[in-house]
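Engineer: Dumping the structure here so I can ask a few things about it.
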Amino acid sequence: MISRKELLFQIVLHILVLLFFSFNRNTGAIMVHRAIFLTFYSLATVSVTYYLMPNFLYRKKYWQFFVGAAIVVAVVILIEELVLEPIIFPDSERGRTFPGIYISLLGVLPVMCILSGFKFGWDALKKQAQIDELESTIQESELQFLRSQINPHFLFNNLNNLYSYALQESPKTPEIILEMSGVLRYMLYESKEKLVPLKKELEQLGNFIRLYKLQIEDRGEVHFDVDDIKGDYRIAPLILIVFIENAFKHSQSGQSSDIKIDISVKLKNSYLEFHCRNNYEPGFSLDSVAKGIGLKNVKKRLELLYPKKHILQIEEADNSYHVYLKLELEKV
């Protein structure tokens, strides 16, 4: 079904081509006989652009298309030479003779090729718009899937910790549940948008860190340093949380004391710089942790949300693990 935009475009295009080829520069007037021929060419081109192209060319039936187009051109030339010219030029030699196939093609093909070419270009742009929309839909679906993995991943890690505290009848169990419910509330209800206010995300980051600090107790130190954020910047939600969760997981696995975690967030112009350093027990393998669901998830999300707008560096040295992330943020 042809759209109104395409119909208007085709009408304007056909009129412009008709005026261009039928205008006599010497007299400054439209050649009526030429306008009649061009109108006939335009009508014939419609059969190529709206029947042969969609039914054969776009379905990769190239031979059928070219044979069909050749038949249309042949019919146009025959009708022009045998019907139109004898009527328009009854007393002229032009109406009684055939100038030859080459001359006839030079009159017909340029007009039909121009009109068909613009139709092909219109269809190509339309197809590209559909592809872009499909890619956008697929990307959004993938992001939604990746984001949906975060909540179960968060719950899995924290419920295990909560279970151990409950077995020990720790007095901090209710406080952990309260902090955990606050973080989950944000994950479920307040982070549905593609981008959220940076200040809100950092506030929840602080709540998340407090939740894990409750589990460390007096076994080490956790430092969270955030610059005074000025400006209404926005960031993809639940990106930084994954790296912090990994840092706590590294430090707690097989390590009973001297846990050190340093987290800093700075904003320079529109670039956010995030550092997360943690130590881990000598001999402890990071393979299972560093290659977990959370890290793979966040790397994929960064590729989708910040293509060529982020730098992620992960370094391991001397029983320490360092994550550096630089993001180019959008400002409201």
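Within each chain, counting starts at residue 1; across the structure tokens, chains are named A, B, ... in the order shown, with ligands numbered 1 upward in that order.
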Residues near Cys113 in chain A, anyone? I mean within 12 Å using only C-alpha atoms, not counting same-chain ones fewer than 2 positions away, as a PyMOL selection string.

Structural biologist: chain A and resi 17+41-42+44-46+48-49+69+73+105-111+115-121

Engineer: If you count only C-alpha atoms, which residues fall within 12 Å of Glu328 in chain A, apart from same-chain ones fewer than 2 positions away, as a ChimeraX atom specification?

Structural biologist: /A:233-236,267-274,302,305-311,325-326,330-331

Engineer: Those residues you just picked out, can you put them in a file as a short mmCIF file (atom, residue, chain, number, x, y, z; two decimals), in the first residue's frame with N, CA, C and O atoms?

Structural biologist:
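New file again_6.cif:
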```
data_model
loop_
_atom_site.label_atom_id
_atom_site.label_comp_id
_atom_site.auth_asym_id
_atom_site.auth_seq_id
_atom_site.Cartn_x
_atom_site.Cartn_y
_atom_site.Cartn_z
N TYR A 233 23.31 15.33 35.07
CA TYR A 233 23.77 14.28 34.16
C TYR A 233 22.97 13.01 34.38
O TYR A 233 22.41 12.78 35.45
N ARG A 234 22.93 12.19 33.34
CA ARG A 234 22.20 10.93 33.41
C ARG A 234 23.13 9.78 33.05
O ARG A 234 24.06 9.94 32.26
N ILE A 235 22.83 8.62 33.62
CA ILE A 235 23.67 7.44 33.42
C ILE A 235 22.77 6.21 33.31
O ILE A 235 21.65 6.19 33.85
N ALA A 236 23.24 5.19 32.61
CA ALA A 236 22.51 3.92 32.56
C ALA A 236 22.48 3.31 33.95
O ALA A 236 23.52 3.24 34.61
N LEU A 267 33.58 13.32 38.43
CA LEU A 267 32.97 13.82 37.20
C LEU A 267 33.78 15.00 36.69
O LEU A 267 33.91 16.02 37.37
N LYS A 268 34.36 14.85 35.51
CA LYS A 268 35.14 15.91 34.88
C LYS A 268 34.46 16.29 33.58
O LYS A 268 34.43 15.50 32.64
N ASN A 269 33.93 17.50 33.54
CA ASN A 269 33.11 17.94 32.41
C ASN A 269 31.96 16.95 32.25
O ASN A 269 31.16 16.80 33.14
N SER A 270 31.86 16.24 31.16
CA SER A 270 30.77 15.27 30.99
C SER A 270 31.29 13.84 31.10
O SER A 270 30.57 12.90 30.74
N TYR A 271 32.52 13.67 31.60
CA TYR A 271 33.12 12.33 31.70
C TYR A 271 33.15 11.86 33.14
O TYR A 271 33.71 12.54 34.01
N LEU A 272 32.54 10.73 33.38
CA LEU A 272 32.56 10.11 34.70
C LEU A 272 33.73 9.14 34.77
O LEU A 272 33.91 8.31 33.87
N GLU A 273 34.53 9.24 35.84
CA GLU A 273 35.64 8.32 36.06
C GLU A 273 35.39 7.53 37.33
O GLU A 273 35.22 8.11 38.40
N PHE A 274 35.36 6.23 37.18
CA PHE A 274 35.04 5.32 38.28
C PHE A 274 36.24 4.41 38.54
O PHE A 274 36.76 3.78 37.61
N LEU A 302 27.51 -2.08 28.33
CA LEU A 302 28.35 -0.94 27.96
C LEU A 302 28.53 -0.86 26.45
O LEU A 302 28.52 0.23 25.87
N LEU A 305 25.03 0.42 25.16
CA LEU A 305 24.59 1.75 25.59
C LEU A 305 25.63 2.84 25.34
O LEU A 305 25.27 4.00 25.11
N TYR A 306 26.90 2.49 25.40
CA TYR A 306 27.96 3.49 25.23
C TYR A 306 28.98 3.05 24.18
O TYR A 306 30.16 2.93 24.46
N PRO A 307 28.52 2.81 22.95
CA PRO A 307 29.48 2.42 21.91
C PRO A 307 30.45 3.57 21.62
O PRO A 307 30.03 4.69 21.34
N LYS A 308 31.74 3.29 21.72
CA LYS A 308 32.81 4.27 21.50
C LYS A 308 32.71 5.47 22.46
O LYS A 308 33.27 6.52 22.20
N LYS A 309 31.99 5.28 23.56
CA LYS A 309 31.86 6.34 24.55
C LYS A 309 32.28 5.87 25.93
O LYS A 309 31.90 6.47 26.93
N HIS A 310 33.02 4.78 25.99
CA HIS A 310 33.46 4.27 27.29
C HIS A 310 34.83 3.61 27.18
O HIS A 310 35.22 3.14 26.10
N ILE A 311 35.54 3.62 28.28
CA ILE A 311 36.81 2.91 28.40
C ILE A 311 36.72 2.05 29.66
O ILE A 311 36.45 2.56 30.74
N LEU A 325 36.71 2.67 34.91
CA LEU A 325 35.68 2.89 33.89
C LEU A 325 35.52 4.38 33.64
O LEU A 325 35.35 5.17 34.57
N LYS A 326 35.56 4.74 32.38
CA LYS A 326 35.34 6.14 31.99
C LYS A 326 34.17 6.18 31.02
O LYS A 326 34.13 5.47 30.02
N GLU A 330 25.39 11.85 29.28
CA GLU A 330 24.49 12.83 28.66
C GLU A 330 24.01 13.80 29.74
O GLU A 330 23.78 13.41 30.88
N LYS A 331 23.86 15.05 29.34
CA LYS A 331 23.37 16.07 30.27
C LYS A 331 21.96 16.47 29.87
O LYS A 331 21.64 16.62 28.69
#
```

Engineer: Run DSSP on the backbone and grab whatever in range 76-106 of chain A lands in helix (DSSP H, G or I); send it over as a PyMOL selection string.

Structural biologist: chain A and resi 76-88+93-96+101-106

Engineer: Can you write out the residues you just picked, keeping N, CA and C atoms, as a compact mmCIF listing (two decimals), in the first residue's frame?

Structural biologist:
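The resulting file, out-v7.txt, is shown below:
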```
# COMPACT_ATOMS: atom_id res chain seq x y z
N VAL A 76 6.22 0.23 -25.12
CA VAL A 76 6.18 1.70 -25.14
C VAL A 76 6.62 2.23 -26.51
N ILE A 77 7.72 1.69 -27.02
CA ILE A 77 8.24 2.15 -28.32
C ILE A 77 7.24 1.84 -29.43
N LEU A 78 6.65 0.64 -29.41
CA LEU A 78 5.69 0.26 -30.45
C LEU A 78 4.45 1.16 -30.43
N ILE A 79 3.92 1.41 -29.22
CA ILE A 79 2.73 2.27 -29.13
C ILE A 79 3.07 3.69 -29.57
N GLU A 80 4.26 4.15 -29.16
CA GLU A 80 4.66 5.51 -29.55
C GLU A 80 4.78 5.63 -31.07
N GLU A 81 5.44 4.65 -31.71
CA GLU A 81 5.70 4.74 -33.15
C GLU A 81 4.47 4.41 -33.99
N LEU A 82 3.66 3.47 -33.53
CA LEU A 82 2.52 3.01 -34.35
C LEU A 82 1.21 3.72 -34.04
N VAL A 83 1.09 4.32 -32.84
CA VAL A 83 -0.18 4.92 -32.46
C VAL A 83 -0.05 6.43 -32.23
N LEU A 84 0.84 6.81 -31.28
CA LEU A 84 0.89 8.22 -30.87
C LEU A 84 1.45 9.13 -31.96
N GLU A 85 2.57 8.75 -32.56
CA GLU A 85 3.18 9.64 -33.56
C GLU A 85 2.30 9.82 -34.80
N PRO A 86 1.67 8.76 -35.32
CA PRO A 86 0.77 9.00 -36.47
C PRO A 86 -0.40 9.92 -36.14
N ILE A 87 -0.85 9.89 -34.86
CA ILE A 87 -1.95 10.77 -34.46
C ILE A 87 -1.46 12.21 -34.30
N ILE A 88 -0.29 12.37 -33.64
CA ILE A 88 0.22 13.72 -33.35
C ILE A 88 0.84 14.36 -34.59
N GLU A 93 6.73 13.41 -41.84
CA GLU A 93 7.49 12.18 -42.07
C GLU A 93 7.70 11.41 -40.78
N ARG A 94 7.77 12.15 -39.65
CA ARG A 94 7.96 11.50 -38.34
C ARG A 94 6.82 10.56 -38.03
N GLY A 95 5.63 10.89 -38.46
CA GLY A 95 4.49 10.03 -38.20
C GLY A 95 4.41 8.83 -39.10
N ARG A 96 5.21 8.82 -40.20
CA ARG A 96 5.13 7.72 -41.16
C ARG A 96 6.35 6.80 -41.14
N ILE A 101 15.69 1.62 -33.62
CA ILE A 101 15.61 1.22 -32.21
C ILE A 101 16.51 2.06 -31.33
N TYR A 102 17.69 2.42 -31.83
CA TYR A 102 18.65 3.18 -31.02
C TYR A 102 18.09 4.56 -30.67
N ILE A 103 17.56 5.27 -31.67
CA ILE A 103 16.99 6.59 -31.44
C ILE A 103 15.79 6.51 -30.50
N SER A 104 14.98 5.48 -30.67
CA SER A 104 13.79 5.32 -29.82
C SER A 104 14.18 5.07 -28.37
N LEU A 105 15.22 4.24 -28.18
CA LEU A 105 15.67 3.95 -26.81
C LEU A 105 16.22 5.20 -26.13
N LEU A 106 16.91 6.05 -26.90
CA LEU A 106 17.44 7.29 -26.33
C LEU A 106 16.33 8.22 -25.86
```

Engineer: From the options A:Ile36, A:Ile114, A:Val323, A:Val67, which residue's atoms come nearest to Leu13 in chain A, counting only C-alpha atoms?

Structural biologist: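 Among A:Ile36, A:Ile114, A:Val323, A:Val67, it is A:Ile114 that comes nearest to Leu13 in chain A.
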
Engineer: Set the distance at 12 Å and use only C-alpha atoms: which residues neighbour Leu202 in chain A once local chain neighbours fewer than 5 positions away are removed? I'd like the list as an mmCIF file with C-alpha atoms, in the first residue's frame.

Structural biologist:
```cif
data_model
loop_
_atom_site.group_PDB
_atom_site.id
_atom_site.type_symbol
_atom_site.label_atom_id
_atom_site.label_comp_id
_atom_site.auth_asym_id
_atom_site.auth_seq_id
_atom_site.Cartn_x
_atom_site.Cartn_y
_atom_site.Cartn_z
ATOM 1 C CA VAL A 183 18.231 -1.605 46.945
ATOM 2 C CA TYR A 186 15.300 0.844 43.345
ATOM 3 C CA VAL A 196 18.499 7.777 35.275
ATOM 4 C CA PRO A 197 19.791 10.859 37.142
ATOM 5 C CA ASN A 207 23.016 2.174 49.963
ATOM 6 C CA PHE A 208 24.397 -0.859 48.156
ATOM 7 C CA ILE A 209 27.850 -0.351 49.703
ATOM 8 C CA PHE A 224 33.575 5.334 49.147
ATOM 9 C CA ASP A 225 34.619 8.727 47.797
ATOM 10 C CA VAL A 226 32.267 10.735 45.595
ATOM 11 C CA ASP A 227 32.969 14.205 44.258
ATOM 12 C CA ASP A 228 30.317 16.876 44.591
ATOM 13 C CA ILE A 229 28.346 16.284 41.410
ATOM 14 C CA TYR A 233 23.772 14.284 34.163
ATOM 15 C CA ARG A 234 22.198 10.933 33.413
ATOM 16 C CA ILE A 235 23.667 7.437 33.423
ATOM 17 C CA ALA A 236 22.506 3.924 32.559
ATOM 18 C CA PRO A 237 21.247 2.348 35.799
ATOM 19 C CA LEU A 238 22.933 -0.551 37.590
ATOM 20 C CA ILE A 239 26.217 -0.326 35.691
ATOM 21 C CA LEU A 240 28.593 0.529 38.555
ATOM 22 C CA ILE A 241 26.909 -1.766 41.056
ATOM 23 C CA ILE A 263 35.775 3.140 45.495
ATOM 24 C CA SER A 264 35.857 6.602 43.946
ATOM 25 C CA VAL A 265 33.596 8.429 41.518
ATOM 26 C CA LYS A 266 34.615 11.694 39.852
ATOM 27 C CA LEU A 267 32.973 13.818 37.203
ATOM 28 C CA LEU A 272 32.565 10.113 34.705
ATOM 29 C CA PHE A 274 35.040 5.319 38.281
#
```

Engineer: Considering only C-alpha atoms, return as a list in words whatever protein or nucleic-acid residues lie within 10 Å of Ile30 in chain A, sequence-local ones (same chain, fewer than 6 positions apart) excluded.

Structural biologist: Leu18, Leu19, Phe20, Phe21, Ser22, Phe23 and Asn24 of chain A
